[in-house]
Every structure is written in structure tokens, then in C-alpha cells.
>>> print(open('target-v5.cif').read())   # mmCIF, C-alpha atoms
data_target
#
loop_
_atom_site.label_atom_id
_atom_site.label_comp_id
_atom_site.auth_asym_id
_atom_site.auth_seq_id
_atom_site.Cartn_x
_atom_site.Cartn_y
_atom_site.Cartn_z
CA MET W 9 40.50 65.48 23.75
CA ASN W 10 43.93 64.10 22.88
CA LYS W 11 44.54 61.49 20.20
CA LYS W 12 45.24 58.67 22.68
CA TRP W 13 41.82 59.03 24.31
CA LEU W 14 40.10 59.27 20.92
CA LEU W 15 41.82 56.09 19.71
CA ALA W 16 40.80 54.23 22.90
CA ILE W 17 37.14 55.25 22.51
CA LEU W 18 37.04 54.19 18.82
CA THR W 19 38.64 50.83 19.62
CA THR W 20 36.07 50.16 22.36
CA LEU W 21 33.20 50.97 19.97
CA VAL W 22 34.55 48.66 17.26
CA ILE W 23 34.89 45.75 19.73
CA ALA W 24 31.32 46.33 20.99
CA VAL W 25 29.91 46.33 17.45
CA LEU W 26 31.75 43.13 16.50
CA ALA W 27 30.59 41.42 19.68
CA ALA W 28 27.00 42.40 18.98
CA CYS W 29 27.20 41.06 15.41
CA GLY W 30 28.64 37.79 16.67
CA THR W 31 25.85 37.41 19.22
CA SER W 32 23.18 38.03 16.59
CA LYS W 33 24.65 35.40 14.27
CA ASP W 34 24.93 32.84 17.07
CA ASP W 35 21.35 33.50 18.15
CA LYS W 36 20.07 32.91 14.62
CA GLU W 37 21.96 29.64 14.23
CA THR W 38 20.72 28.36 17.58
CA SER W 39 17.15 29.27 16.70
CA GLY W 40 17.44 27.49 13.34
CA SER W 41 18.84 24.35 14.89
CA ALA W 42 16.07 24.25 17.47
CA GLY W 43 13.50 24.58 14.69
CA GLU W 44 14.93 21.63 12.76
CA GLY W 45 14.87 19.48 15.87
CA SER W 46 11.38 20.60 16.84
CA THR W 47 8.83 17.99 17.89
CA ASP W 48 6.51 19.46 15.25
CA SER W 49 8.66 18.05 12.42
CA LYS W 50 7.85 14.51 11.30
CA LYS W 51 9.85 12.00 9.32
CA THR W 52 8.25 11.17 5.98
CA LEU W 53 7.79 7.52 5.01
CA ILE W 54 7.60 6.76 1.28
CA VAL W 55 4.91 4.12 0.80
CA GLY W 56 4.56 2.07 -2.39
CA THR W 57 1.24 0.76 -3.65
CA SER W 58 -0.48 -0.37 -6.85
CA ALA W 59 -3.55 1.83 -7.15
CA ASP W 60 -5.68 -0.49 -9.29
CA TYR W 61 -7.18 -2.56 -6.49
CA ALA W 62 -10.41 -0.97 -5.29
CA PRO W 63 -11.48 -0.71 -2.54
CA PHE W 64 -8.00 -1.26 -1.04
CA GLU W 65 -6.08 1.30 -3.13
CA TYR W 66 -7.33 3.12 -6.21
CA VAL W 67 -7.94 6.51 -7.81
CA ASP W 68 -11.47 7.82 -8.27
CA THR W 69 -10.78 9.78 -11.44
CA ALA W 70 -14.24 11.37 -11.30
CA THR W 71 -13.26 13.34 -8.20
CA SER W 72 -9.44 13.68 -8.08
CA ASP W 73 -6.12 12.03 -8.84
CA GLU W 74 -5.55 11.16 -5.15
CA ILE W 75 -4.90 7.54 -4.20
CA ILE W 76 -7.56 6.44 -1.71
CA GLY W 77 -8.90 3.23 -0.16
CA PHE W 78 -8.85 0.95 2.87
CA ASP W 79 -5.10 0.35 2.77
CA ILE W 80 -4.37 4.05 2.36
CA ASP W 81 -6.50 5.00 5.37
CA LEU W 82 -4.85 2.21 7.37
CA ILE W 83 -1.25 3.22 6.58
CA LYS W 84 -2.05 6.87 7.33
CA THR W 85 -3.65 5.92 10.64
CA VAL W 86 -0.60 3.86 11.61
CA GLY W 87 1.70 6.68 10.52
CA ASP W 88 -0.23 9.20 12.57
CA LYS W 89 0.00 6.97 15.66
CA LEU W 90 3.77 6.66 15.22
CA GLY W 91 4.42 10.28 14.26
CA TYR W 92 5.22 9.75 10.56
CA GLU W 93 4.08 11.71 7.53
CA ILE W 94 2.95 9.31 4.80
CA GLU W 95 3.70 9.88 1.10
CA VAL W 96 2.05 7.32 -1.18
CA GLN W 97 3.52 6.53 -4.60
CA ASN W 98 1.94 4.39 -7.32
CA MET W 99 3.68 1.52 -9.15
CA ASP W 100 2.72 -1.73 -10.92
CA PHE W 101 2.13 -4.49 -8.40
CA ASN W 102 4.78 -6.82 -9.82
CA SER W 103 7.50 -4.16 -9.29
CA LEU W 104 6.72 -3.24 -5.67
CA ILE W 105 8.95 -5.75 -3.88
CA THR W 106 11.90 -5.03 -6.17
CA ALA W 107 11.49 -1.31 -5.55
CA LEU W 108 11.26 -1.91 -1.80
CA GLN W 109 14.49 -3.94 -1.88
CA ALA W 110 16.14 -1.09 -3.82
CA LYS W 111 15.02 1.27 -1.02
CA LYS W 112 12.82 3.36 -3.29
CA PHE W 113 10.11 2.80 -0.67
CA ASP W 114 10.26 2.54 3.11
CA VAL W 115 7.08 0.47 3.24
CA VAL W 116 4.67 -1.22 0.81
CA ILE W 117 0.95 -1.64 1.35
CA SER W 118 -0.98 -3.07 -1.57
CA GLY W 119 -3.27 -5.87 -0.45
CA MET W 120 -0.22 -8.14 -0.40
CA THR W 121 -0.25 -11.64 1.07
CA PRO W 122 2.86 -13.19 2.65
CA THR W 123 4.23 -16.18 0.73
CA ALA W 124 7.29 -18.36 1.25
CA ASP W 125 9.07 -16.81 -1.75
CA ARG W 126 8.28 -13.23 -0.74
CA ASP W 127 9.28 -13.91 2.85
CA LYS W 128 12.79 -14.77 1.67
CA VAL W 129 13.46 -11.20 0.53
CA VAL W 130 11.20 -8.92 2.60
CA ASP W 131 9.54 -8.81 6.02
CA PHE W 132 5.79 -8.75 6.69
CA SER W 133 3.72 -7.20 9.44
CA VAL W 134 1.18 -9.10 11.47
CA PRO W 135 -1.95 -9.69 9.34
CA TYR W 136 -4.53 -6.93 9.19
CA TYR W 137 -7.15 -8.65 7.00
CA GLU W 138 -8.18 -12.16 5.93
CA THR W 139 -9.48 -12.66 2.41
CA GLU W 140 -11.09 -15.19 0.03
CA GLN W 141 -10.49 -15.79 -3.67
CA TYR W 142 -13.25 -15.77 -6.30
CA LEU W 143 -13.51 -17.15 -9.80
CA ILE W 144 -15.31 -14.40 -11.72
CA PHE W 145 -16.81 -14.95 -15.19
CA ASP W 146 -19.53 -14.08 -17.70
CA LYS W 147 -22.84 -14.99 -16.07
CA GLU W 148 -24.05 -16.74 -19.23
CA LYS W 149 -21.30 -19.37 -18.88
CA GLY W 150 -22.90 -20.63 -15.67
CA TYR W 151 -19.72 -22.03 -14.11
CA THR W 152 -20.06 -23.66 -10.68
CA THR W 153 -16.57 -25.18 -10.22
CA PRO W 154 -13.07 -24.51 -11.63
CA ALA W 155 -13.36 -27.77 -13.57
CA ASP W 156 -16.07 -26.15 -15.72
CA VAL W 157 -13.43 -23.89 -17.30
CA ALA W 158 -11.47 -26.83 -18.77
CA GLY W 159 -10.03 -25.91 -22.15
CA GLY W 160 -10.54 -22.19 -21.55
CA VAL W 161 -8.38 -19.23 -20.51
CA VAL W 162 -8.29 -17.83 -16.97
CA GLY W 163 -6.75 -14.46 -16.11
CA ALA W 164 -4.89 -13.28 -13.01
CA GLN W 165 -2.75 -10.35 -11.91
CA VAL W 166 1.01 -10.62 -12.48
CA SER W 167 3.04 -11.71 -9.40
CA SER W 168 -0.08 -12.13 -7.25
CA ILE W 169 -1.21 -15.05 -5.11
CA GLN W 170 -4.21 -15.22 -7.45
CA GLU W 171 -1.82 -15.95 -10.31
CA ASP W 172 -0.23 -18.77 -8.28
CA LEU W 173 -3.65 -20.19 -7.43
CA ALA W 174 -4.85 -19.95 -11.04
CA LYS W 175 -1.78 -21.88 -12.24
CA VAL W 176 -2.36 -24.66 -9.71
CA LEU W 177 -6.02 -24.91 -10.71
CA GLY W 178 -5.11 -24.75 -14.40
CA GLU W 179 -2.83 -27.77 -14.10
CA GLU W 180 -5.50 -29.63 -12.15
CA HIS W 181 -8.47 -28.79 -14.38
CA GLY W 182 -6.90 -28.26 -17.80
CA PHE W 183 -7.21 -24.56 -18.53
CA LYS W 184 -4.64 -21.98 -19.63
CA VAL W 185 -3.60 -19.04 -17.44
CA GLU W 186 -2.73 -15.59 -18.77
CA SER W 187 -1.64 -12.67 -16.58
CA ARG W 188 -2.09 -8.91 -16.75
CA ASN W 189 -0.53 -6.08 -14.74
CA LEU W 190 -3.77 -4.44 -13.60
CA ILE W 191 -7.12 -5.68 -12.31
CA PRO W 192 -9.14 -3.47 -14.72
CA GLU W 193 -7.31 -5.20 -17.57
CA LEU W 194 -8.59 -8.58 -16.32
CA ILE W 195 -12.15 -7.30 -16.25
CA GLN W 196 -11.77 -5.84 -19.73
CA GLU W 197 -10.52 -9.19 -21.06
CA LEU W 198 -13.55 -10.88 -19.48
CA LYS W 199 -15.92 -8.38 -21.06
CA THR W 200 -14.42 -8.84 -24.53
CA GLY W 201 -14.39 -12.64 -24.25
CA ARG W 202 -10.61 -12.96 -24.34
CA PHE W 203 -10.75 -14.61 -20.89
CA ASP W 204 -13.31 -17.20 -19.86
CA ALA W 205 -12.79 -16.38 -16.19
CA ALA W 206 -10.39 -14.65 -13.79
CA VAL W 207 -9.18 -15.27 -10.25
CA ILE W 208 -9.70 -12.11 -8.20
CA GLU W 209 -10.06 -11.45 -4.48
CA ASN W 210 -13.60 -11.48 -3.05
CA ILE W 211 -13.92 -7.82 -1.96
CA VAL W 212 -12.44 -6.58 -5.24
CA SER W 213 -14.69 -8.96 -7.21
CA GLU W 214 -17.78 -7.79 -5.33
CA ASN W 215 -17.17 -4.21 -6.45
CA TYR W 216 -17.05 -5.26 -10.10
CA LEU W 217 -20.04 -7.58 -9.74
CA ALA W 218 -22.08 -4.70 -8.33
CA LYS W 219 -21.35 -2.60 -11.43
CA ASN W 220 -21.58 -5.35 -14.06
CA ASP W 221 -24.82 -7.36 -14.15
CA ASP W 222 -23.36 -9.64 -16.80
CA LEU W 223 -20.70 -11.02 -14.42
CA ALA W 224 -20.97 -13.74 -11.76
CA ALA W 225 -18.57 -15.41 -9.33
CA PHE W 226 -18.11 -18.10 -6.71
CA PRO W 227 -15.52 -18.60 -3.93
CA ILE W 228 -12.57 -20.93 -4.57
CA GLU W 229 -11.79 -23.39 -1.79
CA VAL W 230 -8.19 -23.22 -0.58
CA GLU W 231 -6.36 -25.16 2.13
CA GLU W 232 -4.76 -22.19 3.89
CA PRO W 233 -6.43 -18.82 4.57
CA ASP W 234 -5.00 -15.77 2.80
CA TYR W 235 -3.96 -12.73 4.80
CA LYS W 236 -2.92 -9.19 3.94
CA SER W 237 0.11 -7.60 5.55
CA ILE W 238 2.24 -4.47 5.28
CA VAL W 239 5.66 -5.11 3.73
CA PHE W 240 9.10 -3.89 4.90
CA GLN W 241 12.71 -4.13 3.84
CA GLU W 242 14.43 -7.09 5.50
CA GLY W 243 15.45 -6.26 9.06
CA SER W 244 13.57 -2.95 9.10
CA GLU W 245 13.00 -1.48 12.56
CA LEU W 246 9.62 -0.27 11.30
CA LYS W 247 8.15 -3.77 11.51
CA ALA W 248 8.06 -3.91 15.32
CA GLU W 249 6.55 -0.42 15.51
CA PHE W 250 3.87 -1.20 12.92
CA ASP W 251 3.04 -4.61 14.41
CA LYS W 252 2.29 -3.04 17.77
CA VAL W 253 0.00 -0.39 16.30
CA ILE W 254 -1.83 -2.83 13.98
CA GLU W 255 -2.60 -5.03 16.99
CA GLU W 256 -3.87 -1.97 18.87
CA LEU W 257 -6.04 -0.87 15.92
CA THR W 258 -7.48 -4.39 15.67
CA ALA W 259 -8.25 -4.51 19.40
CA ASP W 260 -9.88 -1.07 19.61
CA GLY W 261 -12.11 -1.62 16.56
CA THR W 262 -10.45 0.92 14.26
CA ILE W 263 -9.74 -1.63 11.50
CA GLU W 264 -13.31 -2.89 11.71
CA GLU W 265 -14.53 0.68 11.22
CA LEU W 266 -12.31 1.04 8.14
CA LYS W 267 -13.84 -2.15 6.74
CA LYS W 268 -17.33 -0.72 7.22
CA LYS W 269 -16.25 2.48 5.47
CA TRP W 270 -14.59 0.89 2.44
CA PHE W 271 -16.09 -2.59 2.00
CA VAL W 272 -19.59 -1.40 1.22
CA VAL W 273 -20.71 -2.42 -2.27
CA GLU W 274 -23.30 -0.04 -3.66
#
>>> encode(input="target-v5.cif", output="C-alpha cells")
Amino acid sequence: MNKKWLLAILTTLVIAVLAACGTSKDDKETSGSAGEGSTDSKKTLIVGTSADYAPFEYVDTATSDEIIGFDIDLIKTVGDKLGYEIEVQNMDFNSLITALQAKKFDVVISGMTPTADRDKVVDFSVPYYETEQYLIFDKEKGYTTPADVAGGVVGAQVSSIQEDLAKVLGEEHGFKVESRNLIPELIQELKTGRFDAAVIENIVSENYLAKNDDLAAFPIEVEEPDYKSIVFQEGSELKAEFDKVIEELTADGTIEELKKKWFVVE
């Protein structure tokens, strides 16, 4: 075989090898791109909560460090319906809206009630639960109305509607209001006698009453009913999606089933 034919054969082989390598590389890139765009992949939503509010959101330290509760089941159910993975992160209640505005969270669910001030800076979903407020106190005090606490100290959670209500009642009936970051801190202050009473939501109060025979409570009359809603950054497209699913879950009885699961006081 002469040199010209040998050179031609070698050149052909080199071109074939290079072409094969190029095809392999292209195939791998296409496969990778298809995987990233697969329908199996879900967008993760970062959800803020304050896990001190049993049975809505809390940690049962006797079993695990996982955040559980009515709100957590609800947000995961909504996320599943919409195709989102849900990652829940814990933070003090009074910092949740600020963190949401700073885009540290996509959504907040923490037993939060819409108010005029909050509505100026964030958006709220349609309501998913209506609640009452209780005045909880040492049973021996025998209170029957807020006026009975005149001259005393009433506790409430920082930045909550209960804090706002306590301040209104304090001005009307002559008692001082002090706030704490966490609900367990309010109960502890009651138990030590630092607080004469505290304003806490009914379902949350019922859980503490069931475990503390020395505590009692009564409902506080208010003009407007209190609702709980999921919270979004202003103008978030998530609101419309979540509103639709919450209405569906209300209509099909799913939210009622979650209430039966979580709002049982043992």
C-alpha cells in the first residue's frame, strides 16, 4: 500500500473517532437537560413559621425535632396539590413578616390573622380557620370578666392580635400588659405568678388547660371574628394558586378532617 492511500485511511479514521466523541458529548448534555426539566422535579417553597403554637405548629421534643401541627399538614397538602415541595423553617413570630418581606421565605403560615397594619405590607390568603380568644389564668383567682384583672398584669405574645386585644382591654379595665416572644413563656409566667392572666387563642388555651388543672379560662367577646390565613409577599402569584386550593380543601372536607386530627384535647 502506498503512502497516499495509508494517509487517506488514517485521516478517515480520525474524523470518525472525533465525530463519535462529539455525538457522545451531545447525547449526554441533552439527557442532562431533559432530566433537569423533568416533570418529576418540584420547586421548593420555603415556609416560615413560629413553632411554639400547638396544635397549629410545634415540636414534640419527646419524639423528634420535626415541626408538626395543623398548619404544617395544611401547607403540605396545598403544596402537594400545586406540585411544590415544602421546606418549613422556624423563627420567632414577631420576625416572620419582616423575613417574608426580605424574601427569606416564600410563604408564612403561623396561625396569623389579617389586620389592617399587616395588610399594608403583605398579602393574605382566603381564611382557612375562624378562632376565639381566651383569657387564661390561675383557677384560684376565679376571674369571670376582664374587669376582674384590674390592677394586675396580663401577658400576650409579641406582635400578635392577642397583644393588640390585651392592650385595648388593659386601657378599658385598668391592667398592665406585658409581652413575651413564645406562648410557653406566657404559661410559665402564669405558673410563677408573674402574670395574673394571659390572652391566648382558644384552641391553644385548651391544650394547656388539659395539662394544667390549676388553670382556667373564659372566652373574650370581640366585635369582629378572627380568622387565620396564609401570608405572602405583596403581589405574589402564589396567592391566587393557594386561594383556589384552600377553597377546594374547605369544600371537600379536607380542612375539617385536619381539625379533627389536630384539635383533639386529650
>>> resolve_selection(input="target-v5.cif", expression="the PyMOL selection byres ((chain W and resi 56) around 6)", output="PyMOL selection string")
chain W and resi 55+57+96-97+113+116
>>> closest_residue(input="target-v5.cif", among="W:Lys111, W:Asp131, W:Thr121, W:Tyr136", to="W:Ala259", atoms="all atoms listed in the file")
W:Tyr136
>>> closest_residue(input="target-v5.cif", among="W:Ile75, W:Val230, W:Ala205, W:Val162", to="W:Gln141", atoms="only C-alpha atoms")
W:Val230
>>> resolve_selection(input="target-v5.cif", expression="the PyMOL selection byres ((chain W and resi 167-178) around 10)", output="VMD selection string")
chain W and resid 101 to 104 119 to 123 141 to 143 154 to 155 157 to 166 179 to 189 206 to 209 228 230 234
>>> closest_residue(input="target-v5.cif", among="W:Ile263, W:Val115, W:Met99, W:Ile80", to="W:Phe132", atoms="only C-alpha atoms")
W:Val115
>>> atom_distance(input="target-v5.cif", atom1="atom CA of W:Thr52", atom2="atom CA of W:Ile94")
5.7 Å
>>> closest_residue(input="target-v5.cif", among="W:Thr262, W:Ser49, W:Ser237, W:Thr200", to="W:Phe145", atoms="all atoms listed in the file")
W:Thr200
>>> atom_distance(input="target-v5.cif", atom1="atom CA of W:Phe240", atom2="atom CA of W:Ser133")
7.8 Å
>>> residues_around(input="target-v5.cif", residues="W:Pro135", least_positions_apart="4", cutoff="8 Å", atoms="all atoms listed in the file", output="JSON, numbers by chain")
{"W": [235, 236, 237, 238]}
>>> residues_around(input="target-v5.cif", residues="W:Gly77", least_positions_apart="5", cutoff="10 Å", atoms="all atoms listed in the file", output="PyMOL selection string")
chain W and resi 59+61-68+82+266+269-271
